[in-house]
Amino acid sequence: MALTAVKGFNDILPDESGRWQYIEETARQVFELNGFGEIRVPIMEKTELFCRSIGDATDIVEKEMYTFTDKGENSVTLRPEGTAGVMRAFIEHKLYAQDPIAKLYYMGPMFRYERPQKGRYRQFHQIGAEITGVNDPLADAQVLNMLTTFFHEIGLTEPTLQINSLGCPECRPAYRATLRSFLEERMGQLCEDCKRRFATNPLRTLDCKVPGCISATAGAPSVLEHLCSGCDDHFSSVRRYLDLSSTTYSINSRMVRGLDYYTRTTFEMVTGLLGSQSAVAAGGRYDGLISQLGGPTIPGIGFAMGLERIALLLGTKDFASQPDLFIATMGEGERDIAFCLMDGLIKSGVRVEMDYEGKSLKSQMRRADKLKARYSVVIGGNELLSGSASFKRMSDGLLTETVLTVAGIKALVGI
Ligand code: ATP
Ligand code: MG
């Protein structure tokens, strides 16, 4: 039987990788303009890191992690998200000792054992960014503006920004208790997952997609009405900064993130075009995470966006690059000349293809079409003698006589 990839793990074929590179390059540009530097951390960490950061009662830790025992009897986990590993590295290398303000971004594969469907896979890719060391709401607003700018630069107007505040360890317990008594009266209407989560993570019910839970929580108390004055002021300032920079957003007081470490500002970029996979990017503040992982008391805020979902939104627009020139040849002597020309042109930045197999002229021209070459040229005995050839612009068939030199051809194709 032929071997196939593991279920939920995808190959990104060259047809599609142009789109991925475009997303990654746009993110690098926007993030670096904002002063972020790339950090590359391992894709596998000790299991304990994720249990301690994401939280034992979250879907990710309860049922989605790829956890193994390695040959040395250590429990290791393929990272389900990026922030925990980045913060582990931040603490381990004492990055805060030089400067508690670090602006870091990362990109790469993440792993969650979920039911694969469009926009949801078991290996997926995220691009994320984090700022540590700033309590001021200005950092929240900069991160949100950076995210908004990224979507603008990439040419997507549709995902919209939703924000919320989840409060802090001072005000959230009281809100949780209020919500719990509200839910207790509606227990019968909740799904099995939410019944189970009632004790450990009742806020998740606000975010549950099951229709019964949505209607049961329609009149639920809002977290925004239960913030302490510190959190309330912080959230007002975030909104004021967003208004100052004319960033559009809406407030969604039902937004709950699936990771325990969030405090205060949380946000999502939401699209209506991907069914229930509506979040293309998500994040929030995590003021307690670094100390929880054994580091100093330093706040942080960040987000992660899903590459697969962004690629889906970009649709079928062709990002593959095409050859500038296809060189067809008539015989062996001409192939030597074509090979040397191709080599010289590639070294000076022109993308050239030629026939590899000594095929007929007709099939060479078919290949030039298939590769969508911008120009083609046929080199035969006459061209060798005269040192020049007729180059065909493939879009309209226009012929231009040009000398067979690197400089002459570069000028013709406009590179
Ligand atoms: P969802 O509610 O869709 O499960 P999430 O809250 O689990 O998302 P996060 O953990 O916040 O998502 O991850 C940030 C982003 O990563 C998501 O907005 C989404 O674009 C992407 N993402 C998360 N899980 C997957 C997955 N299994 N496959 C593809 N992309 C994913
Ligand atoms: Mg999820």
# chains A, B, ... in the order shown; residues from 1 in each chain; ligands from 1
>>> select_by_dssp(residues="segment 206-339 of chain A", states="alpha helix (DSSP H)", output="VMD selection string")
chain A and resid 211 to 216 229 to 244 289 to 292 307 to 314 332 to 339
>>> write_last_selection(atoms="N, CA and C atoms", output="short mmCIF file (atom, residue, chain, number, x, y, z; two decimals), in the first residue's frame")
data_model
loop_
_atom_site.label_atom_id
_atom_site.label_comp_id
_atom_site.auth_asym_id
_atom_site.auth_seq_id
_atom_site.Cartn_x
_atom_site.Cartn_y
_atom_site.Cartn_z
N PRO A 211 -25.84 25.39 19.83
CA PRO A 211 -26.99 26.31 19.87
C PRO A 211 -27.65 26.41 21.25
N GLY A 212 -27.82 25.30 21.95
CA GLY A 212 -28.44 25.31 23.29
C GLY A 212 -27.68 26.23 24.24
N CYS A 213 -26.35 26.16 24.17
CA CYS A 213 -25.52 26.98 25.07
C CYS A 213 -25.59 28.44 24.67
N ILE A 214 -25.67 28.69 23.35
CA ILE A 214 -25.77 30.08 22.89
C ILE A 214 -27.06 30.72 23.43
N SER A 215 -28.18 29.98 23.31
CA SER A 215 -29.43 30.60 23.78
C SER A 215 -29.47 30.65 25.31
N ALA A 216 -28.91 29.65 25.97
CA ALA A 216 -28.92 29.66 27.44
C ALA A 216 -28.14 30.84 28.00
N SER A 229 -11.61 48.63 39.03
CA SER A 229 -11.38 49.94 38.41
C SER A 229 -10.08 49.94 37.61
N GLY A 230 -9.07 49.20 38.09
CA GLY A 230 -7.79 49.14 37.34
C GLY A 230 -8.01 48.57 35.95
N CYS A 231 -8.77 47.46 35.86
CA CYS A 231 -9.00 46.81 34.56
C CYS A 231 -9.92 47.66 33.68
N ASP A 232 -10.87 48.32 34.34
CA ASP A 232 -11.81 49.15 33.59
C ASP A 232 -11.06 50.33 32.95
N ASP A 233 -10.18 50.98 33.73
CA ASP A 233 -9.38 52.10 33.19
C ASP A 233 -8.48 51.61 32.06
N HIS A 234 -7.87 50.46 32.28
CA HIS A 234 -6.95 49.92 31.28
C HIS A 234 -7.69 49.71 29.96
N PHE A 235 -8.87 49.11 30.05
CA PHE A 235 -9.63 48.81 28.82
C PHE A 235 -10.08 50.11 28.14
N SER A 236 -10.46 51.11 28.94
CA SER A 236 -10.85 52.40 28.34
C SER A 236 -9.68 53.01 27.59
N SER A 237 -8.49 52.92 28.18
CA SER A 237 -7.32 53.50 27.52
C SER A 237 -6.98 52.76 26.23
N VAL A 238 -7.12 51.43 26.24
CA VAL A 238 -6.87 50.68 25.00
C VAL A 238 -7.79 51.23 23.91
N ARG A 239 -9.06 51.41 24.25
CA ARG A 239 -10.03 51.89 23.26
C ARG A 239 -9.70 53.30 22.81
N ARG A 240 -9.23 54.12 23.78
CA ARG A 240 -8.90 55.51 23.42
C ARG A 240 -7.72 55.52 22.43
N TYR A 241 -6.72 54.71 22.67
CA TYR A 241 -5.59 54.65 21.74
C TYR A 241 -6.02 54.14 20.36
N LEU A 242 -6.91 53.16 20.37
CA LEU A 242 -7.39 52.65 19.06
C LEU A 242 -8.14 53.74 18.32
N ASP A 243 -8.94 54.51 19.07
CA ASP A 243 -9.68 55.61 18.44
C ASP A 243 -8.72 56.67 17.91
N LEU A 244 -7.67 56.95 18.71
CA LEU A 244 -6.68 57.95 18.29
C LEU A 244 -6.05 57.57 16.96
N LEU A 289 1.65 35.21 33.27
CA LEU A 289 2.26 33.99 32.70
C LEU A 289 3.75 33.85 33.01
N ILE A 290 4.50 34.93 32.87
CA ILE A 290 5.96 34.82 33.02
C ILE A 290 6.31 34.41 34.45
N SER A 291 5.63 35.02 35.44
CA SER A 291 5.93 34.63 36.82
C SER A 291 5.43 33.21 37.11
N GLN A 292 4.30 32.87 36.51
CA GLN A 292 3.75 31.52 36.68
C GLN A 292 4.74 30.45 36.18
N LEU A 307 -2.00 30.57 9.62
CA LEU A 307 -1.63 30.72 8.20
C LEU A 307 -2.61 30.05 7.25
N GLU A 308 -3.07 28.84 7.62
CA GLU A 308 -3.96 28.12 6.71
C GLU A 308 -5.23 28.94 6.45
N ARG A 309 -5.76 29.54 7.52
CA ARG A 309 -7.01 30.29 7.36
C ARG A 309 -6.76 31.56 6.55
N ILE A 310 -5.62 32.21 6.74
CA ILE A 310 -5.32 33.41 5.95
C ILE A 310 -5.14 33.01 4.48
N ALA A 311 -4.46 31.88 4.25
CA ALA A 311 -4.26 31.41 2.87
C ALA A 311 -5.61 31.12 2.21
N LEU A 312 -6.54 30.53 2.97
CA LEU A 312 -7.88 30.27 2.43
C LEU A 312 -8.57 31.57 2.06
N LEU A 313 -8.42 32.59 2.89
CA LEU A 313 -9.08 33.87 2.62
C LEU A 313 -8.48 34.56 1.40
N LEU A 314 -7.19 34.32 1.18
CA LEU A 314 -6.56 34.96 0.01
C LEU A 314 -7.04 34.33 -1.29
N GLU A 332 22.42 19.78 -30.72
CA GLU A 332 23.37 19.63 -29.62
C GLU A 332 24.23 20.88 -29.38
N GLY A 333 24.81 21.44 -30.48
CA GLY A 333 25.67 22.62 -30.35
C GLY A 333 24.91 23.77 -29.72
N GLU A 334 23.65 23.90 -30.15
CA GLU A 334 22.82 25.00 -29.63
C GLU A 334 22.51 24.80 -28.13
N ARG A 335 22.37 23.53 -27.74
CA ARG A 335 22.10 23.26 -26.32
C ARG A 335 23.25 23.75 -25.44
N ASP A 336 24.51 23.58 -25.92
CA ASP A 336 25.65 24.06 -25.14
C ASP A 336 25.57 25.57 -24.96
N ILE A 337 25.27 26.25 -26.08
CA ILE A 337 25.17 27.72 -26.01
C ILE A 337 24.00 28.12 -25.09
N ALA A 338 22.87 27.44 -25.25
CA ALA A 338 21.69 27.77 -24.43
C ALA A 338 22.00 27.54 -22.96
N PHE A 339 22.71 26.44 -22.67
CA PHE A 339 23.04 26.15 -21.27
C PHE A 339 23.91 27.26 -20.67
#
>>> residues_near_ligand(ligand="ligand 2", cutoff="12 Å", atoms="only C-alpha atoms and all ligand atoms", output="PyMOL selection string")
chain A and resi 58-65+80-81+110-116+119-122+124+204+207-209+256-259+276-282+306
>>> write_last_selection(atoms="N, CA and C atoms", output="CSV table (one decimal), in the first residue's frame")
chain,number,residue,atom,x,y,z
A,58,THR,N,-8.2,23.4,30.1
A,58,THR,CA,-8.5,23.9,28.8
A,58,THR,C,-8.7,22.8,27.8
A,59,ASP,N,-9.4,23.0,26.7
A,59,ASP,CA,-9.5,22.0,25.6
A,59,ASP,C,-8.2,21.5,25.1
A,60,ILE,N,-7.3,22.5,25.0
A,60,ILE,CA,-6.0,22.1,24.4
A,60,ILE,C,-5.3,21.1,25.3
A,61,VAL,N,-5.2,21.4,26.6
A,61,VAL,CA,-4.5,20.4,27.5
A,61,VAL,C,-5.3,19.2,27.8
A,62,GLU,N,-6.6,19.3,27.9
A,62,GLU,CA,-7.4,18.2,28.2
A,62,GLU,C,-7.5,17.1,27.1
A,63,LYS,N,-7.5,17.6,25.8
A,63,LYS,CA,-7.7,16.6,24.8
A,63,LYS,C,-7.0,16.8,23.5
A,64,GLU,N,-6.3,17.9,23.3
A,64,GLU,CA,-5.7,18.2,22.0
A,64,GLU,C,-4.2,18.0,21.8
A,65,MET,N,-3.5,17.7,22.9
A,65,MET,CA,-2.1,17.7,22.8
A,65,MET,C,-1.5,16.4,22.3
A,80,PRO,N,1.4,23.0,21.0
A,80,PRO,CA,0.1,23.3,20.5
A,80,PRO,C,-0.1,24.8,20.2
A,81,GLU,N,0.9,25.6,20.7
A,81,GLU,CA,0.8,27.1,20.5
A,81,GLU,C,2.2,27.6,20.7
A,110,MET,N,2.4,24.2,14.5
A,110,MET,CA,1.8,23.9,15.8
A,110,MET,C,1.0,22.6,15.6
A,111,PHE,N,0.7,21.9,16.7
A,111,PHE,CA,0.1,20.6,16.6
A,111,PHE,C,-1.0,20.4,17.6
A,112,ARG,N,-2.2,20.1,17.1
A,112,ARG,CA,-3.3,19.8,18.0
A,112,ARG,C,-4.1,18.6,17.5
A,113,TYR,N,-4.4,17.7,18.4
A,113,TYR,CA,-5.2,16.6,17.9
A,113,TYR,C,-6.7,17.0,17.9
A,114,GLU,N,-7.1,17.5,16.8
A,114,GLU,CA,-8.5,18.0,16.6
A,114,GLU,C,-9.1,17.2,15.4
A,115,ARG,N,-10.4,17.4,15.3
A,115,ARG,CA,-11.1,16.7,14.1
A,115,ARG,C,-10.8,17.6,12.9
A,116,PRO,N,-10.0,17.0,11.9
A,116,PRO,CA,-9.6,17.8,10.7
A,116,PRO,C,-10.8,18.2,9.9
A,119,GLY,N,-9.9,24.5,7.3
A,119,GLY,CA,-9.5,25.5,8.2
A,119,GLY,C,-9.1,25.0,9.6
A,120,ARG,N,-9.1,23.7,9.8
A,120,ARG,CA,-8.7,23.1,11.1
A,120,ARG,C,-8.0,21.8,10.8
A,121,TYR,N,-6.7,21.8,11.2
A,121,TYR,CA,-5.8,20.6,10.9
A,121,TYR,C,-5.1,20.2,12.2
A,122,ARG,N,-4.4,19.1,12.1
A,122,ARG,CA,-3.6,18.6,13.3
A,122,ARG,C,-2.2,19.2,13.3
A,124,PHE,N,-0.8,22.6,12.0
A,124,PHE,CA,-1.1,23.9,11.3
A,124,PHE,C,0.0,24.9,11.6
A,204,ARG,N,-15.9,29.4,29.6
A,204,ARG,CA,-15.8,28.8,28.3
A,204,ARG,C,-17.2,28.7,27.7
A,207,ASP,N,-18.4,31.0,25.1
A,207,ASP,CA,-17.8,30.9,23.8
A,207,ASP,C,-18.2,29.6,23.1
A,208,CYS,N,-19.1,28.8,23.7
A,208,CYS,CA,-19.5,27.5,23.2
A,208,CYS,C,-20.3,27.7,21.9
A,209,LYS,N,-20.1,26.9,20.9
A,209,LYS,CA,-20.8,27.1,19.6
A,209,LYS,C,-22.1,26.3,19.5
A,256,VAL,N,-14.1,34.7,24.9
A,256,VAL,CA,-13.3,34.1,25.9
A,256,VAL,C,-12.2,33.3,25.2
A,257,ARG,N,-11.0,33.4,25.6
A,257,ARG,CA,-10.0,32.6,24.9
A,257,ARG,C,-9.8,31.3,25.5
A,258,GLY,N,-9.3,30.3,24.7
A,258,GLY,CA,-9.2,28.9,25.2
A,258,GLY,C,-7.9,28.6,25.9
A,259,LEU,N,-7.3,29.7,26.4
A,259,LEU,CA,-6.0,29.5,27.2
A,259,LEU,C,-6.2,30.2,28.5
A,276,SER,N,-17.5,27.9,10.8
A,276,SER,CA,-17.3,28.0,12.2
A,276,SER,C,-15.8,28.2,12.6
A,277,GLN,N,-15.0,28.1,11.6
A,277,GLN,CA,-13.5,28.5,11.8
A,277,GLN,C,-13.4,30.0,11.6
A,278,SER,N,-14.1,30.7,12.5
A,278,SER,CA,-14.2,32.2,12.2
A,278,SER,C,-13.0,33.0,12.7
A,279,ALA,N,-12.2,32.5,13.6
A,279,ALA,CA,-11.0,33.3,14.1
A,279,ALA,C,-9.8,33.1,13.2
A,280,VAL,N,-9.3,34.1,12.6
A,280,VAL,CA,-8.1,34.0,11.8
A,280,VAL,C,-6.8,34.4,12.7
A,281,ALA,N,-7.1,35.2,13.7
A,281,ALA,CA,-6.0,35.6,14.6
A,281,ALA,C,-6.6,35.8,15.9
A,282,ALA,N,-5.8,35.6,17.0
A,282,ALA,CA,-6.4,35.7,18.3
A,282,ALA,C,-5.2,36.0,19.3
A,306,GLY,N,-3.5,32.2,12.2
A,306,GLY,CA,-3.4,30.9,11.5
A,306,GLY,C,-3.1,31.1,10.1
>>> closest_residue(among="A:Leu144, A:Leu224, A:Ala84, A:Ala199", to="Ser245 of chain A", atoms="only C-alpha atoms")
A:Leu144
>>> select_by_dssp(residues="segment 143-338 of chain A", states="strand (DSSP E or B)", output="number ranges by chain")
A: 160-165, 250-251, 263-270, 279-285, 300-306, 325-329
>>> closest_residue(among="A:Arg52, A:Lys347, A:Lys359, A:Arg88", to="Asp260 of chain A", atoms="only C-alpha atoms")
A:Arg52
>>> residues_around(residues="Tyr105 of chain A", least_positions_apart="4", cutoff="8 Å", atoms="only C-alpha atoms", output="list of chain:residue names")
A:Phe31, A:Phe36, A:Gly37, A:Glu38, A:Ile39, A:Ile127, A:Gly128, A:Ala129, A:Glu130
>>> closest_residue(among="A:Tyr175, A:Tyr261, A:Phe326, A:Phe319", to="ligand 1", atoms="only C-alpha atoms and all ligand atoms")
A:Tyr261
>>> residues_around(residues="segment 184-188 of chain A", least_positions_apart="5", cutoff="12 Å", atoms="only C-alpha atoms", output="PyMOL selection string")
chain A and resi 176-179+193-199+202+205+212-220
>>> residues_around(residues="segment 166-169 of chain A", least_positions_apart="6", cutoff="6 Å", atoms="only C-alpha atoms", output="ChimeraX atom specification")
/A:227,231,263-264
>>> closest_residue(among="A:Ile409, A:Ile327, A:Met394, A:Ile54", to="ligand 1", atoms="only C-alpha atoms and all ligand atoms")
A:Ile54
>>> closest_residue(among="A:Val223, A:Leu325, A:Ala320, A:Val377", to="Glu353 of chain A", atoms="only C-alpha atoms")
A:Leu325
>>> residues_around(residues="Thr77 of chain A", least_positions_apart="2", cutoff="10 Å", atoms="only C-alpha atoms", output="number ranges by chain")
A: 43-50, 65-70, 74-75, 79-80, 111
>>> residues_around(residues="segment 247-255 of chain A", least_positions_apart="4", cutoff="8 Å", atoms="only C-alpha atoms", output="mmCIF file with C-alpha atoms, in the first residue's frame")
data_model
loop_
_atom_site.group_PDB
_atom_site.id
_atom_site.type_symbol
_atom_site.label_atom_id
_atom_site.label_comp_id
_atom_site.auth_asym_id
_atom_site.auth_seq_id
_atom_site.Cartn_x
_atom_site.Cartn_y
_atom_site.Cartn_z
ATOM 1 C CA ASN A 145 -2.679 48.210 15.137
ATOM 2 C CA THR A 148 -4.784 45.419 11.593
ATOM 3 C CA THR A 160 -12.694 42.500 11.633
ATOM 4 C CA LEU A 161 -11.195 43.195 15.016
ATOM 5 C CA GLN A 162 -13.160 42.290 18.142
ATOM 6 C CA ILE A 163 -11.890 43.144 21.599
ATOM 7 C CA ASN A 164 -12.793 42.330 25.169
ATOM 8 C CA SER A 165 -11.316 42.435 28.639
ATOM 9 C CA LEU A 206 -19.907 31.956 26.738
ATOM 10 C CA ASP A 207 -17.788 30.894 23.775
ATOM 11 C CA SER A 222 -21.146 40.709 31.050
ATOM 12 C CA VAL A 223 -17.544 40.523 32.152
ATOM 13 C CA LEU A 224 -17.151 44.202 31.236
ATOM 14 C CA LEU A 242 -7.386 52.650 19.063
ATOM 15 C CA ASP A 243 -9.679 55.613 18.441
ATOM 16 C CA THR A 266 -8.260 39.821 24.649
ATOM 17 C CA PHE A 267 -9.018 40.041 20.953
#
>>> decode(residues="segment 324-342 of chain A", atoms="N, CA, C and O atoms", output="compact mmCIF listing (two decimals), in the first residue's frame")
# COMPACT_ATOMS: atom_id res chain seq x y z
N ASP A 324 11.15 34.22 -16.69
CA ASP A 324 11.25 35.37 -17.59
C ASP A 324 11.43 34.90 -19.04
O ASP A 324 10.97 35.54 -19.97
N LEU A 325 12.14 33.78 -19.18
CA LEU A 325 12.51 33.35 -20.54
C LEU A 325 12.57 31.84 -20.64
O LEU A 325 13.06 31.17 -19.72
N PHE A 326 12.08 31.31 -21.75
CA PHE A 326 12.28 29.89 -22.05
C PHE A 326 13.14 29.80 -23.31
O PHE A 326 12.82 30.41 -24.34
N ILE A 327 14.25 29.06 -23.21
CA ILE A 327 15.13 28.91 -24.38
C ILE A 327 14.90 27.53 -25.01
O ILE A 327 15.11 26.50 -24.36
N ALA A 328 14.44 27.53 -26.25
CA ALA A 328 14.28 26.28 -26.99
C ALA A 328 15.48 26.13 -27.94
O ALA A 328 16.03 27.13 -28.41
N THR A 329 15.88 24.89 -28.19
CA THR A 329 17.06 24.69 -29.04
C THR A 329 16.77 23.67 -30.12
O THR A 329 15.92 22.80 -29.97
N MET A 330 17.57 23.78 -31.22
CA MET A 330 17.36 22.88 -32.36
C MET A 330 18.31 21.68 -32.34
O MET A 330 17.98 20.62 -32.83
N GLY A 331 19.52 21.82 -31.78
CA GLY A 331 20.47 20.70 -31.84
C GLY A 331 21.46 20.74 -30.70
O GLY A 331 21.38 21.60 -29.83
N GLU A 332 22.42 19.78 -30.72
CA GLU A 332 23.37 19.63 -29.62
C GLU A 332 24.23 20.88 -29.38
O GLU A 332 24.37 21.33 -28.26
N GLY A 333 24.81 21.44 -30.48
CA GLY A 333 25.67 22.62 -30.35
C GLY A 333 24.91 23.77 -29.72
O GLY A 333 25.41 24.48 -28.85
N GLU A 334 23.65 23.90 -30.15
CA GLU A 334 22.82 25.00 -29.63
C GLU A 334 22.51 24.80 -28.13
O GLU A 334 22.39 25.76 -27.39
N ARG A 335 22.37 23.53 -27.74
CA ARG A 335 22.10 23.26 -26.32
C ARG A 335 23.25 23.75 -25.44
O ARG A 335 23.02 24.27 -24.36
N ASP A 336 24.51 23.58 -25.92
CA ASP A 336 25.65 24.06 -25.14
C ASP A 336 25.57 25.57 -24.96
O ASP A 336 25.75 26.10 -23.86
N ILE A 337 25.27 26.25 -26.08
CA ILE A 337 25.17 27.72 -26.01
C ILE A 337 24.00 28.12 -25.09
O ILE A 337 24.14 29.00 -24.23
N ALA A 338 22.87 27.44 -25.25
CA ALA A 338 21.69 27.77 -24.43
C ALA A 338 22.00 27.54 -22.96
O ALA A 338 21.63 28.35 -22.10
N PHE A 339 22.71 26.44 -22.67
CA PHE A 339 23.04 26.15 -21.27
C PHE A 339 23.91 27.26 -20.67
O PHE A 339 23.66 27.72 -19.55
N CYS A 340 24.92 27.72 -21.45
CA CYS A 340 25.81 28.77 -20.94
C CYS A 340 25.04 30.08 -20.77
O CYS A 340 25.23 30.80 -19.79
N LEU A 341 24.15 30.37 -21.73
CA LEU A 341 23.33 31.59 -21.61
C LEU A 341 22.44 31.52 -20.37
O LEU A 341 22.35 32.47 -19.60
N MET A 342 21.78 30.36 -20.19
CA MET A 342 20.90 30.19 -19.04
C MET A 342 21.68 30.40 -17.75
O MET A 342 21.25 31.14 -16.85
